[in-house]
Structure formats: structure tokens, C-alpha cells
$ cat protein-v1.pdb   # PDB, C-alpha atoms
ATOM      1  CA  MET A   1     -53.821 151.727 -11.834
ATOM      2  CA  ASN A   2     -56.455 148.991 -12.022
ATOM      3  CA  LYS A   3     -55.815 145.281 -12.426
ATOM      4  CA  SER A   4     -56.780 145.172 -16.105
ATOM      5  CA  THR A   5     -54.338 147.983 -16.890
ATOM      6  CA  ILE A   6     -51.529 146.165 -15.085
ATOM      7  CA  GLU A   7     -52.310 142.961 -16.959
ATOM      8  CA  PHE A   8     -52.314 144.885 -20.248
ATOM      9  CA  ASP A   9     -48.941 146.447 -19.458
ATOM     10  CA  ARG A  10     -47.459 143.058 -18.626
ATOM     11  CA  SER A  11     -48.855 141.529 -21.803
ATOM     12  CA  LEU A  12     -47.514 144.408 -23.862
ATOM     13  CA  LEU A  13     -44.063 144.114 -22.268
ATOM     14  CA  ARG A  14     -44.102 140.378 -22.899
ATOM     15  CA  ALA A  15     -45.090 140.881 -26.537
ATOM     16  CA  ILE A  16     -42.294 143.433 -27.038
ATOM     17  CA  GLN A  17     -39.717 141.070 -25.542
ATOM     18  CA  GLU A  18     -40.860 138.154 -27.678
ATOM     19  CA  ALA A  19     -40.706 140.322 -30.797
ATOM     20  CA  SER A  20     -37.083 141.281 -30.090
ATOM     21  CA  PRO A  21     -34.284 139.668 -32.144
ATOM     22  CA  ASP A  22     -32.254 139.545 -28.913
ATOM     23  CA  ALA A  23     -32.409 137.166 -25.995
ATOM     24  CA  ILE A  24     -33.567 139.328 -23.064
ATOM     25  CA  LEU A  25     -33.193 138.895 -19.328
ATOM     26  CA  VAL A  26     -34.486 141.440 -16.779
ATOM     27  CA  VAL A  27     -33.273 141.181 -13.176
ATOM     28  CA  ASP A  28     -34.735 143.401 -10.421
ATOM     29  CA  GLU A  29     -32.850 145.196  -7.669
ATOM     30  CA  GLN A  30     -33.258 142.167  -5.377
ATOM     31  CA  GLY A  31     -31.504 139.844  -7.824
ATOM     32  CA  MET A  32     -34.729 138.132  -8.869
ATOM     33  CA  VAL A  33     -35.496 137.518 -12.527
ATOM     34  CA  ALA A  34     -38.441 139.702 -13.444
ATOM     35  CA  SER A  35     -38.791 138.464 -17.017
ATOM     36  CA  TYR A  36     -37.083 136.748 -19.944
ATOM     37  CA  ASN A  37     -38.143 135.798 -23.441
ATOM     38  CA  GLN A  38     -38.201 132.499 -25.313
ATOM     39  CA  ARG A  39     -35.160 133.516 -27.348
ATOM     40  CA  PHE A  40     -33.200 133.671 -24.089
ATOM     41  CA  VAL A  41     -34.298 130.123 -23.210
ATOM     42  CA  ASP A  42     -33.337 128.870 -26.663
ATOM     43  CA  LEU A  43     -29.987 130.652 -26.835
ATOM     44  CA  TRP A  44     -28.821 129.305 -23.457
ATOM     45  CA  LYS A  45     -30.472 125.889 -23.991
ATOM     46  CA  LEU A  46     -32.359 126.065 -20.711
ATOM     47  CA  ASP A  47     -34.527 123.246 -19.386
ATOM     48  CA  THR A  48     -38.129 124.541 -19.360
ATOM     49  CA  GLU A  49     -39.221 121.914 -16.813
ATOM     50  CA  HIS A  50     -36.515 123.102 -14.423
ATOM     51  CA  LEU A  51     -37.589 126.706 -14.956
ATOM     52  CA  ARG A  52     -41.227 125.932 -14.208
ATOM     53  CA  ALA A  53     -40.287 124.030 -11.068
ATOM     54  CA  HIS A  54     -38.417 127.044  -9.646
ATOM     55  CA  THR A  55     -40.709 129.844 -10.846
ATOM     56  CA  HIS A  56     -42.671 131.641  -8.105
ATOM     57  CA  ALA A  57     -46.391 132.397  -8.246
ATOM     58  CA  ASP A  58     -45.724 135.985  -9.391
ATOM     59  CA  GLY A  59     -43.644 134.686 -12.319
ATOM     60  CA  SER A  60     -40.234 135.565 -10.855
ATOM     61  CA  ILE A  61     -37.326 133.168 -10.458
ATOM     62  CA  ALA A  62     -33.962 133.418  -8.689
ATOM     63  CA  GLU A  63     -31.220 134.241 -11.197
ATOM     64  CA  ASP A  64     -28.978 131.364 -10.092
ATOM     65  CA  LYS A  65     -31.818 128.920 -10.816
ATOM     66  CA  LEU A  66     -32.183 130.388 -14.287
ATOM     67  CA  MET A  67     -28.501 130.502 -15.209
ATOM     68  CA  TYR A  68     -27.256 127.214 -13.750
ATOM     69  CA  ALA A  69     -27.194 125.485 -17.152
ATOM     70  CA  ALA A  70     -25.926 128.540 -19.004
ATOM     71  CA  LEU A  71     -22.755 128.672 -16.905
ATOM     72  CA  ALA A  72     -21.859 125.161 -18.050
ATOM     73  CA  LEU A  73     -21.760 126.447 -21.651
ATOM     74  CA  LEU A  74     -19.183 129.147 -20.970
ATOM     75  CA  LYS A  75     -15.531 128.785 -21.894
ATOM     76  CA  ASP A  76     -14.564 131.073 -19.016
ATOM     77  CA  PRO A  77     -17.361 130.987 -16.405
ATOM     78  CA  GLU A  78     -15.210 132.566 -13.679
ATOM     79  CA  SER A  79     -14.590 135.739 -15.678
ATOM     80  CA  PHE A  80     -18.240 135.827 -16.699
ATOM     81  CA  ILE A  81     -19.448 135.652 -13.096
ATOM     82  CA  GLN A  82     -16.867 138.184 -11.917
ATOM     83  CA  ARG A  83     -17.983 140.712 -14.535
ATOM     84  CA  VAL A  84     -21.666 140.133 -13.705
ATOM     85  CA  MET A  85     -20.988 140.817 -10.024
ATOM     86  CA  GLU A  86     -19.108 144.001 -10.918
ATOM     87  CA  LEU A  87     -22.056 145.219 -12.963
ATOM     88  CA  TYR A  88     -24.573 144.507 -10.220
ATOM     89  CA  ALA A  89     -22.345 146.388  -7.777
ATOM     90  CA  ASN A  90     -22.198 149.381 -10.151
ATOM     91  CA  PRO A  91     -25.739 149.999 -11.486
ATOM     92  CA  LYS A  92     -24.685 152.911 -13.728
ATOM     93  CA  VAL A  93     -22.016 150.922 -15.568
ATOM     94  CA  LYS A  94     -22.914 149.647 -19.031
ATOM     95  CA  ASP A  95     -21.472 146.480 -20.530
ATOM     96  CA  HIS A  96     -20.860 145.426 -24.121
ATOM     97  CA  CYS A  97     -18.657 142.421 -24.852
ATOM     98  CA  GLU A  98     -18.419 139.053 -26.568
ATOM     99  CA  VAL A  99     -18.700 135.726 -24.764
ATOM    100  CA  GLU A 100     -17.319 132.451 -26.139
ATOM    101  CA  LEU A 101     -19.145 129.173 -25.536
ATOM    102  CA  ILE A 102     -17.707 125.676 -25.449
ATOM    103  CA  ASP A 103     -19.931 124.620 -28.356
ATOM    104  CA  GLY A 104     -18.157 127.091 -30.646
ATOM    105  CA  ARG A 105     -20.737 129.856 -30.569
ATOM    106  CA  THR A 106     -19.930 133.502 -29.880
ATOM    107  CA  ILE A 107     -22.511 135.535 -27.989
ATOM    108  CA  GLU A 108     -22.647 139.317 -27.918
ATOM    109  CA  ARG A 109     -23.691 140.621 -24.498
ATOM    110  CA  HIS A 110     -25.037 144.075 -23.725
ATOM    111  CA  SER A 111     -26.283 145.180 -20.321
ATOM    112  CA  VAL A 112     -27.507 148.425 -18.772
ATOM    113  CA  GLY A 113     -28.973 149.420 -15.407
ATOM    114  CA  LEU A 114     -32.633 150.407 -15.323
ATOM    115  CA  HIS A 115     -33.355 153.712 -13.620
ATOM    116  CA  GLY A 116     -36.630 155.534 -13.106
ATOM    117  CA  ASP A 117     -37.629 158.939 -11.808
ATOM    118  CA  GLN A 118     -35.204 160.536  -9.359
ATOM    119  CA  ASP A 119     -32.626 157.981 -10.489
ATOM    120  CA  HIS A 120     -34.359 155.127  -8.666
ATOM    121  CA  TYR A 121     -32.658 151.819  -9.531
ATOM    122  CA  PHE A 122     -35.069 149.117 -10.710
ATOM    123  CA  GLY A 123     -32.560 146.473 -11.746
ATOM    124  CA  ARG A 124     -30.606 145.511 -14.837
ATOM    125  CA  VAL A 125     -31.524 144.322 -18.320
ATOM    126  CA  TRP A 126     -29.308 141.939 -20.291
ATOM    127  CA  PHE A 127     -29.389 141.495 -24.047
ATOM    128  CA  PHE A 128     -27.721 138.524 -25.735
ATOM    129  CA  ARG A 129     -27.325 137.840 -29.445
ATOM    130  CA  ASP A 130     -25.718 134.904 -31.261
ATOM    131  CA  ILE A 131     -23.100 136.467 -33.586
ATOM    132  CA  THR A 132     -21.370 133.221 -34.548
ATOM    133  CA  GLU A 133     -22.165 133.537 -38.267
ATOM    134  CA  HIS A 134     -20.941 137.125 -38.262
ATOM    135  CA  LYS A 135     -17.675 136.098 -36.595
ATOM    136  CA  LEU A 136     -17.218 133.274 -39.101
ATOM    137  CA  SER A 137     -17.820 135.710 -41.958
ATOM    138  CA  GLU A 138     -15.227 138.068 -40.476
ATOM    139  CA  ALA A 139     -12.748 135.192 -40.225
ATOM    140  CA  ALA A 140     -13.451 134.208 -43.836
ATOM    141  CA  LEU A 141     -12.845 137.783 -45.009
ATOM    142  CA  ARG A 142      -9.598 137.930 -43.050
ATOM    143  CA  ASP A 143      -8.503 134.701 -44.703
ATOM    144  CA  LEU A 144      -9.228 136.192 -48.118
ATOM    145  CA  ALA A 145      -7.100 139.210 -47.252
ATOM    146  CA  TRP A 146      -4.301 137.316 -45.528
ATOM    147  CA  ARG A 147      -3.943 134.050 -47.388
ATOM    148  CA  ASP A 148      -2.768 132.932 -50.778
ATOM    149  CA  PRO A 149      -5.907 131.606 -52.518
ATOM    150  CA  LEU A 150      -4.133 128.550 -53.999
ATOM    151  CA  THR A 151      -2.091 127.162 -51.105
ATOM    152  CA  LYS A 152      -4.077 128.773 -48.237
ATOM    153  CA  GLU A 153      -0.784 129.818 -46.659
ATOM    154  CA  LEU A 154       0.025 133.434 -45.741
ATOM    155  CA  ASN A 155       0.341 135.768 -48.695
ATOM    156  CA  ARG A 156       3.424 137.927 -49.148
ATOM    157  CA  ARG A 157       2.030 141.031 -47.474
ATOM    158  CA  HIS A 158       0.700 139.326 -44.374
ATOM    159  CA  PHE A 159       3.734 137.085 -44.018
ATOM    160  CA  LEU A 160       5.997 140.129 -43.943
ATOM    161  CA  GLU A 161       3.734 141.838 -41.391
ATOM    162  CA  ARG A 162       3.752 138.812 -39.116
ATOM    163  CA  ALA A 163       7.470 138.241 -39.641
ATOM    164  CA  ASN A 164       8.185 141.831 -38.606
ATOM    165  CA  GLU A 165       6.167 141.299 -35.419
ATOM    166  CA  GLU A 166       8.071 138.104 -34.614
ATOM    167  CA  HIS A 167      11.391 139.798 -35.295
ATOM    168  CA  GLU A 168      10.499 142.605 -32.880
ATOM    169  CA  ARG A 169       9.539 140.037 -30.257
ATOM    170  CA  ALA A 170      12.796 138.129 -30.768
ATOM    171  CA  ARG A 171      14.824 141.336 -30.384
ATOM    172  CA  ARG A 172      12.931 142.422 -27.290
ATOM    173  CA  TYR A 173      13.332 139.134 -25.475
ATOM    174  CA  HIS A 174      16.685 138.136 -26.987
ATOM    175  CA  LYS A 175      15.244 134.995 -28.578
ATOM    176  CA  PRO A 176      16.683 133.181 -31.611
ATOM    177  CA  LEU A 177      14.821 133.435 -34.894
ATOM    178  CA  GLY A 178      15.335 131.337 -38.015
ATOM    179  CA  ILE A 179      14.371 132.256 -41.574
ATOM    180  CA  LEU A 180      14.212 130.012 -44.640
ATOM    181  CA  MET A 181      13.796 131.078 -48.254
ATOM    182  CA  LEU A 182      12.622 128.184 -50.432
ATOM    183  CA  ASP A 183      12.169 127.800 -54.158
ATOM    184  CA  LEU A 184      10.909 124.766 -56.079
ATOM    185  CA  ASP A 185      13.482 123.569 -58.614
ATOM    186  CA  HIS A 186      12.669 123.672 -62.340
ATOM    187  CA  PHE A 187       9.041 124.537 -61.619
ATOM    188  CA  LYS A 188       8.548 126.067 -65.076
ATOM    189  CA  GLU A 189       9.406 122.689 -66.591
ATOM    190  CA  ILE A 190       6.693 121.036 -64.466
ATOM    191  CA  ASN A 191       4.130 123.532 -65.792
ATOM    192  CA  ASP A 192       5.360 123.103 -69.358
ATOM    193  CA  GLN A 193       5.379 119.296 -69.262
ATOM    194  CA  TYR A 194       2.283 118.529 -67.180
ATOM    195  CA  GLY A 195       0.216 121.713 -67.393
ATOM    196  CA  HIS A 196      -0.619 124.503 -64.966
ATOM    197  CA  ALA A 197      -3.255 122.446 -63.147
ATOM    198  CA  ALA A 198      -0.525 119.954 -62.267
ATOM    199  CA  GLY A 199       1.735 122.817 -61.231
ATOM    200  CA  ASP A 200      -0.955 124.157 -58.893
ATOM    201  CA  MET A 201      -1.403 120.718 -57.361
ATOM    202  CA  VAL A 202       2.361 120.432 -56.828
ATOM    203  CA  LEU A 203       2.406 123.739 -54.931
ATOM    204  CA  GLN A 204      -0.524 122.656 -52.770
ATOM    205  CA  THR A 205       0.999 119.242 -52.023
ATOM    206  CA  VAL A 206       4.404 120.690 -51.159
ATOM    207  CA  CYS A 207       2.791 123.098 -48.695
ATOM    208  CA  GLU A 208       0.848 120.247 -47.106
ATOM    209  CA  ARG A 209       4.075 118.277 -46.645
ATOM    210  CA  TRP A 210       5.846 121.283 -45.190
ATOM    211  CA  ARG A 211       2.988 122.010 -42.839
ATOM    212  CA  SER A 212       3.250 118.456 -41.472
ATOM    213  CA  VAL A 213       6.891 119.191 -40.576
ATOM    214  CA  LEU A 214       6.371 122.656 -39.082
ATOM    215  CA  ARG A 215       5.066 123.646 -35.670
ATOM    216  CA  ASN A 216       1.860 125.631 -35.207
ATOM    217  CA  VAL A 217       3.903 128.720 -34.274
ATOM    218  CA  ASP A 218       5.976 128.617 -37.477
ATOM    219  CA  LEU A 219       4.951 130.952 -40.297
ATOM    220  CA  LEU A 220       4.774 129.730 -43.891
ATOM    221  CA  GLY A 221       4.202 132.270 -46.623
ATOM    222  CA  ARG A 222       4.009 132.193 -50.405
ATOM    223  CA  LEU A 223       5.960 135.181 -51.626
ATOM    224  CA  GLY A 224       5.077 134.631 -55.272
ATOM    225  CA  GLY A 225       5.116 131.894 -57.912
ATOM    226  CA  GLU A 226       7.105 128.949 -56.557
ATOM    227  CA  GLU A 227       8.946 131.006 -53.937
ATOM    228  CA  PHE A 228       8.174 130.603 -50.240
ATOM    229  CA  ALA A 229       9.499 131.858 -46.924
ATOM    230  CA  ILE A 230       9.315 130.223 -43.506
ATOM    231  CA  LEU A 231       9.880 131.902 -40.160
ATOM    232  CA  LEU A 232      10.847 129.741 -37.175
ATOM    233  CA  PRO A 233      10.431 131.490 -33.799
ATOM    234  CA  ASP A 234      12.778 130.450 -30.957
ATOM    235  CA  SER A 235      14.871 128.437 -33.430
ATOM    236  CA  ASP A 236      18.673 128.570 -33.267
ATOM    237  CA  TRP A 237      21.184 127.542 -35.940
ATOM    238  CA  GLU A 238      21.056 123.811 -35.322
ATOM    239  CA  ALA A 239      17.277 123.658 -34.985
ATOM    240  CA  THR A 240      16.775 125.765 -38.119
ATOM    241  CA  LYS A 241      19.165 123.630 -40.188
ATOM    242  CA  THR A 242      17.447 120.459 -38.983
ATOM    243  CA  VAL A 243      14.031 121.771 -40.004
ATOM    244  CA  ALA A 244      15.373 122.939 -43.367
ATOM    245  CA  GLU A 245      16.696 119.480 -44.181
ATOM    246  CA  ARG A 246      13.440 117.825 -43.131
ATOM    247  CA  LEU A 247      11.546 120.190 -45.419
ATOM    248  CA  ARG A 248      13.863 119.381 -48.319
ATOM    249  CA  LEU A 249      13.493 115.645 -47.808
ATOM    250  CA  SER A 250       9.692 115.865 -47.492
ATOM    251  CA  VAL A 251       9.648 117.041 -51.112
ATOM    252  CA  ALA A 252      12.542 115.097 -52.644
ATOM    253  CA  GLU A 253      11.912 111.626 -51.211
ATOM    254  CA  GLN A 254       8.485 111.064 -52.734
ATOM    255  CA  PRO A 255       7.211 112.115 -56.180
ATOM    256  CA  ILE A 256       3.879 113.896 -56.412
ATOM    257  CA  CYS A 257       1.107 111.940 -58.095
ATOM    258  CA  TRP A 258      -0.874 113.729 -60.761
ATOM    259  CA  MET A 259      -3.425 111.617 -62.653
ATOM    260  CA  GLU A 260      -1.290 108.781 -64.096
ATOM    261  CA  HIS A 261       1.954 110.710 -63.649
ATOM    262  CA  LYS A 262       4.476 110.719 -60.830
ATOM    263  CA  ILE A 263       6.088 114.126 -60.858
ATOM    264  CA  PRO A 264       9.572 114.341 -59.307
ATOM    265  CA  CYS A 265      10.096 117.532 -57.393
ATOM    266  CA  THR A 266      12.910 119.072 -55.354
ATOM    267  CA  VAL A 267      13.420 122.304 -53.470
ATOM    268  CA  SER A 268      16.397 124.579 -52.851
ATOM    269  CA  GLY A 269      16.659 126.741 -49.789
ATOM    270  CA  GLY A 270      18.597 129.445 -48.019
ATOM    271  CA  ILE A 271      19.005 129.490 -44.233
ATOM    272  CA  ALA A 272      19.526 132.631 -42.153
ATOM    273  CA  ILE A 273      19.389 133.518 -38.467
ATOM    274  CA  ALA A 274      18.476 136.870 -36.922
ATOM    275  CA  LEU A 275      21.553 138.764 -35.752
ATOM    276  CA  ALA A 276      21.828 141.420 -33.066
ATOM    277  CA  HIS A 277      22.444 144.220 -35.589
ATOM    278  CA  ASP A 278      19.448 143.361 -37.818
ATOM    279  CA  LYS A 279      17.093 146.335 -37.742
ATOM    280  CA  ALA A 280      14.344 144.796 -39.882
ATOM    281  CA  ILE A 281      13.159 141.415 -41.090
ATOM    282  CA  LYS A 282      14.187 142.377 -44.640
ATOM    283  CA  ASP A 283      17.831 142.198 -43.558
ATOM    284  CA  ILE A 284      17.483 138.534 -42.591
ATOM    285  CA  LEU A 285      15.391 137.694 -45.642
ATOM    286  CA  LEU A 286      18.063 139.207 -47.873
ATOM    287  CA  ARG A 287      20.744 136.928 -46.401
ATOM    288  CA  ALA A 288      18.479 133.894 -46.735
ATOM    289  CA  ASP A 289      17.747 134.879 -50.337
ATOM    290  CA  LYS A 290      21.458 135.093 -51.146
ATOM    291  CA  ALA A 291      21.962 131.658 -49.619
ATOM    292  CA  LEU A 292      19.060 130.334 -51.718
ATOM    293  CA  TYR A 293      20.665 131.522 -54.948
ATOM    294  CA  ARG A 294      23.928 129.936 -53.880
ATOM    295  CA  ALA A 295      22.037 126.642 -53.441
ATOM    296  CA  LYS A 296      20.707 127.048 -56.990
ATOM    297  CA  ARG A 297      24.173 127.678 -58.394
ATOM    298  CA  LEU A 298      25.607 124.663 -56.577
ATOM    299  CA  GLY A 299      23.197 122.245 -58.226
ATOM    300  CA  ARG A 300      19.781 122.630 -56.490
ATOM    301  CA  ASN A 301      18.011 120.212 -54.142
ATOM    302  CA  ARG A 302      20.073 121.512 -51.236
ATOM    303  CA  MET A 303      19.987 123.924 -48.304
ATOM    304  CA  GLU A 304      22.689 126.574 -47.969
ATOM    305  CA  GLU A 305      23.423 128.724 -44.940
ATOM    306  CA  GLN A 306      23.930 132.473 -44.911
ATOM    307  CA  SER A 307      27.550 133.532 -45.197
ATOM    308  CA  ARG A 308      29.268 133.306 -41.818
ATOM    309  CA  THR A 309      30.915 136.632 -42.596
ATOM    310  CA  ALA A 310      27.471 138.168 -42.102
ATOM    311  CA  GLU A 311      27.921 137.622 -38.386
ATOM    312  CA  THR A 312      31.009 139.782 -38.136
TER     313      THR A 312
END
$ encode --input "protein-v1.pdb" --output "C-alpha cells"
Amino acid sequence: MNKSTIEFDRSLLRAIQEASPDAILVVDEQGMVASYNQRFVDLWKLDTEHLRAHTHADGSIAEDKLMYAALALLKDPESFIQRVMELYANPKVKDHCEVELIDGRTIERHSVGLHGDQDHYFGRVWFFRDITEHKLSEAALRDLAWRDPLTKELNRRHFLERANEEHERARRYHKPLGILMLDLDHFKEINDQYGHAAGDMVLQTVCERWRSVLRNVDLLGRLGGEEFAILLPDSDWEATKTVAERLRLSVAEQPICWMEHKIPCTVSGGIAIALAHDKAIKDILLRADKALYRAKRLGRNRMEEQSRTAET
């Protein structure tokens, strides 16, 4: 093969790499970088002056000199390096995974060993693609499926799914679990007097106030209309009652402003705790629901506990 043919082949390979939508890195069997494209430089935010300073006359560069800056972008550089070493030690192993960066991006990584005639190992090629927008779109679609569009809290279906998972965890590890059923008092009158737009704003504001009281691990779901449920992992009787009262006060102590109006609002609630004989989350929700209706009958704006006879 003459020199002009070799130069043509290199130029063609370079053109193919630059035309690729992926960031490409090719490392030979000696661990030297044989080639990479501009998309790779851009994706990993590499310093071109540093690259030029460490590039050999034949165009190769040691991989550690190329990737020094990229490692600083990784959320988990140790796992990244460990997996890379495993792949270099096993040329026939393919890799396809996602890598998270500290700047919020998600990178899809694909790698495969390069083998020629008689299974001769030439090195490994790495492909990287920024899939951040795709991941964000997936998250947005999940939110549409999982969340109530008005309050942005969990919808009925997903709340029950998550609550079942938490109940199973509580049973397995013998952890306490609190459940609250909550219902806004006289909500129909709010809609009738101030309009449905005001009613929507009341629901949103109440959820915001509740969320400021709850922990990140607590689950808040809108079961329908003005009815909500809250699941409190690792929460015993006293802790659950304390949270319930704080939730009640967060609504009752301050009216909700709507245009020139100050709308008074209160909430009634039922409190229940998971018991050893509960086979499903619906059993606990039923007790909390009965306690909620007792709170309504006793005058509203109060929290009632499940019947103590439920424990026997």
C-alpha cells in the first residue's frame, strides 16, 4: 500500500468520524488514542491546547492525557474507571450504559473491541452520545402519567402503587407506617362562592403548605376532587399524629388569598397506622377513611384516629 493510499484511508476514516452523530474515541491495543472526533472534544469539554501539547508526531496521544478533564465531569469517576479497566482486560466484552455528569447531563456510552482477521485485537472503540434531552422527555412523560395535572402531586393510581411498595417494605423490615386521609371542608361552597378557578388555586396552595411540612420521603397523593392521602414511612403513632396536626394547622391558621378575597379553609383528617395483620395498603386506608368520616361528623377541622379496637 503506497503512501497516497494510506493518506486517503486516513482522510476517509477522519471524514466518517466527523460525520458521525456520536462522539468517537478509538484506543489501540497499547492504550494509545489512535483517533477521536471533534464531537468527542466538545462533549467532554476538552482543552484543545492541552491536547496539542501532548499529541505525538504520528497523531496519537496517551489516553490518560486525553481523559484527564473528562474524569472531573463524572459523578462517579471510580466506577467509570473500574468499568473501563474491565473492558480493556476483556476485549470481547461489549458495553452499553448511561453515565451521569456533575453538570446534569446524561451520556450514553457504547464500546466494543476491534478485531481483525484471525481474531487479531486492534483495540477498542468508544461511542458517546448526549441523551440529556431524551432523559428529560422521559421524565416529563412519567410525570404526566404519575402526577395529578393540577396539584403536581401523585395521582390516585401511582400513589396506591407507591403506597403498596412502602407497605411491603414496612412489613419486611418491621417498620412503622402512618397513613392520613384528608378532605378539605365545605370545598363545594368555595367553588360555588368564588368560582372553580379559585377552587383550583385553593387545592394548589394547600398542597404547597402540606409539602412544606412533609419530608422528602413522605408520599402525598390526590385521590380525587378535594380528597388526599399521605403516607409517612417510619412514622409511629405519636409522630403521625404530630404531623397530622401540623398539616391541619397549616391550612386553618391562614386564609388563602384569591384576588381581593381571603378564603377561609379547613381540613378534616383520619389517622391510621399499619398493623401486623394488614395484608394490603387498602386495609389501612379503609381505617383512615373511617376516621376521616368520624372527623366530619364531629364538626370538621379536626384529626381523628382509627378505632383502637382495630388493633385487637
$ closest_residue --input "protein-v1.pdb" --among "A:Glu18, A:Glu138, A:Leu150, A:Lys45" --to "Asp103 in chain A" --atoms "all atoms listed in the file"
A:Lys45
$ resolve_selection --input "protein-v1.pdb" --expression "the PyMOL selection byres ((chain A and resi 23-35) around 6)" --output "JSON, numbers by chain"
{"A": [22, 36, 37, 39, 40, 60, 61, 62, 63, 122, 123, 124, 125, 126, 127, 128]}
$ closest_residue --input "protein-v1.pdb" --among "A:Arg246, A:Lys152, A:Arg169, A:His186" --to "Cys207 in chain A" --atoms "all atoms listed in the file"
A:Lys152
$ resolve_selection --input "protein-v1.pdb" --expression "the PyMOL selection byres ((chain A and resi 304) around 9)" --output "JSON, numbers by chain"
{"A": [268, 269, 270, 271, 272, 288, 291, 292, 293, 294, 295, 302, 303, 305, 306, 307]}
$ atom_distance --input "protein-v1.pdb" --atom1 "CA of Asp148 in chain A" --atom2 "CA of Arg222 in chain A"
6.8 Å
$ residues_around --input "protein-v1.pdb" --residues "range 67-84 of chain A" --least-positions-apart "5" --cutoff "7 Å" --atoms "all atoms listed in the file" --output "list in words"
Trp44, Leu46, Glu100, Leu101 and Ile102 of chain A
$ resolve_selection --input "protein-v1.pdb" --expression "the PyMOL selection byres ((chain A and resi 234) around 8)" --output "short mmCIF file (atom, residue, chain, number, x, y, z; two decimals) with C-alpha atoms, in the coordinates of the input"
data_model
loop_
_atom_site.label_atom_id
_atom_site.label_comp_id
_atom_site.auth_asym_id
_atom_site.auth_seq_id
_atom_site.Cartn_x
_atom_site.Cartn_y
_atom_site.Cartn_z
CA ALA A 170 12.80 138.13 -30.77
CA LYS A 175 15.24 135.00 -28.58
CA PRO A 176 16.68 133.18 -31.61
CA LEU A 177 14.82 133.44 -34.89
CA GLY A 178 15.34 131.34 -38.02
CA LEU A 232 10.85 129.74 -37.17
CA PRO A 233 10.43 131.49 -33.80
CA SER A 235 14.87 128.44 -33.43
CA ASP A 236 18.67 128.57 -33.27
#
$ residues_around --input "protein-v1.pdb" --residues "range 158-168 of chain A" --least-positions-apart "4" --cutoff "10 Å" --atoms "all atoms listed in the file" --output "PyMOL selection string"
chain A and resi 145-148+153-154+172-179+218-223+229-234+274+278-282+284-285
$ residues_around --input "protein-v1.pdb" --residues "Gly224 in chain A" --least-positions-apart "3" --cutoff "8 Å" --atoms "only C-alpha atoms" --output "list in words"
Arg156, Glu227 and Phe228 of chain A
$ axis_aligned_box --input "protein-v1.pdb" --around "range 212-218 of chain A" --padding-each-side "6 Å" --output "JSON"
{"center_x": 4.4, "center_y": 123.6, "center_z": -37.9, "size_x": 17.0, "size_y": 22.3, "size_z": 19.2}
$ closest_residue --input "protein-v1.pdb" --among "A:Asn301, A:Gln17, A:Thr132, A:Thr240" --to "Ile107 in chain A" --atoms "only C-alpha atoms"
A:Thr132
$ atom_distance --input "protein-v1.pdb" --atom1 "CA of Met201 in chain A" --atom2 "CA of Arg142 in chain A"
23.8 Å
$ atom_distance --input "protein-v1.pdb" --atom1 "CA of Thr106 in chain A" --atom2 "CA of Asn216 in chain A"
23.8 Å
$ decode --input "protein-v1.pdb" --residues "range 147-159 of chain A" --atoms "N, CA and C atoms" --output "tab-separated table (two decimals), in the first residue's frame"
chain	number	residue	atom	x	y	z
A	147	ARG	N	-48.58	11.99	37.84
A	147	ARG	CA	-48.95	13.12	38.69
A	147	ARG	C	-50.28	13.73	38.30
A	148	ASP	N	-50.95	14.24	39.31
A	148	ASP	CA	-52.18	14.99	39.10
A	148	ASP	C	-51.84	16.29	38.38
A	149	PRO	N	-52.45	16.59	37.25
A	149	PRO	CA	-52.06	17.77	36.47
A	149	PRO	C	-52.26	19.10	37.18
A	150	LEU	N	-53.20	19.17	38.14
A	150	LEU	CA	-53.47	20.44	38.83
A	150	LEU	C	-52.47	20.69	39.96
A	151	THR	N	-52.35	19.74	40.86
A	151	THR	CA	-51.52	19.95	42.06
A	151	THR	C	-50.08	19.50	41.89
A	152	LYS	N	-49.82	18.69	40.84
A	152	LYS	CA	-48.50	18.10	40.58
A	152	LYS	C	-48.10	17.06	41.62
A	153	GLU	N	-49.04	16.67	42.47
A	153	GLU	CA	-48.77	15.58	43.41
A	153	GLU	C	-49.13	14.25	42.75
A	154	LEU	N	-48.81	13.13	43.40
A	154	LEU	CA	-49.09	11.82	42.82
A	154	LEU	C	-50.59	11.65	42.56
A	155	ASN	N	-50.90	11.07	41.41
A	155	ASN	CA	-52.32	10.77	41.16
A	155	ASN	C	-52.72	9.50	41.91
A	156	ARG	N	-53.99	9.20	41.89
A	156	ARG	CA	-54.51	8.09	42.69
A	156	ARG	C	-53.79	6.77	42.38
A	157	ARG	N	-53.69	6.47	41.10
A	157	ARG	CA	-53.11	5.18	40.70
A	157	ARG	C	-51.67	5.04	41.16
A	158	HIS	N	-50.87	6.07	40.92
A	158	HIS	CA	-49.45	5.95	41.28
A	158	HIS	C	-49.25	6.02	42.79
A	159	PHE	N	-50.09	6.81	43.47
A	159	PHE	CA	-49.98	6.84	44.93
A	159	PHE	C	-50.21	5.44	45.50
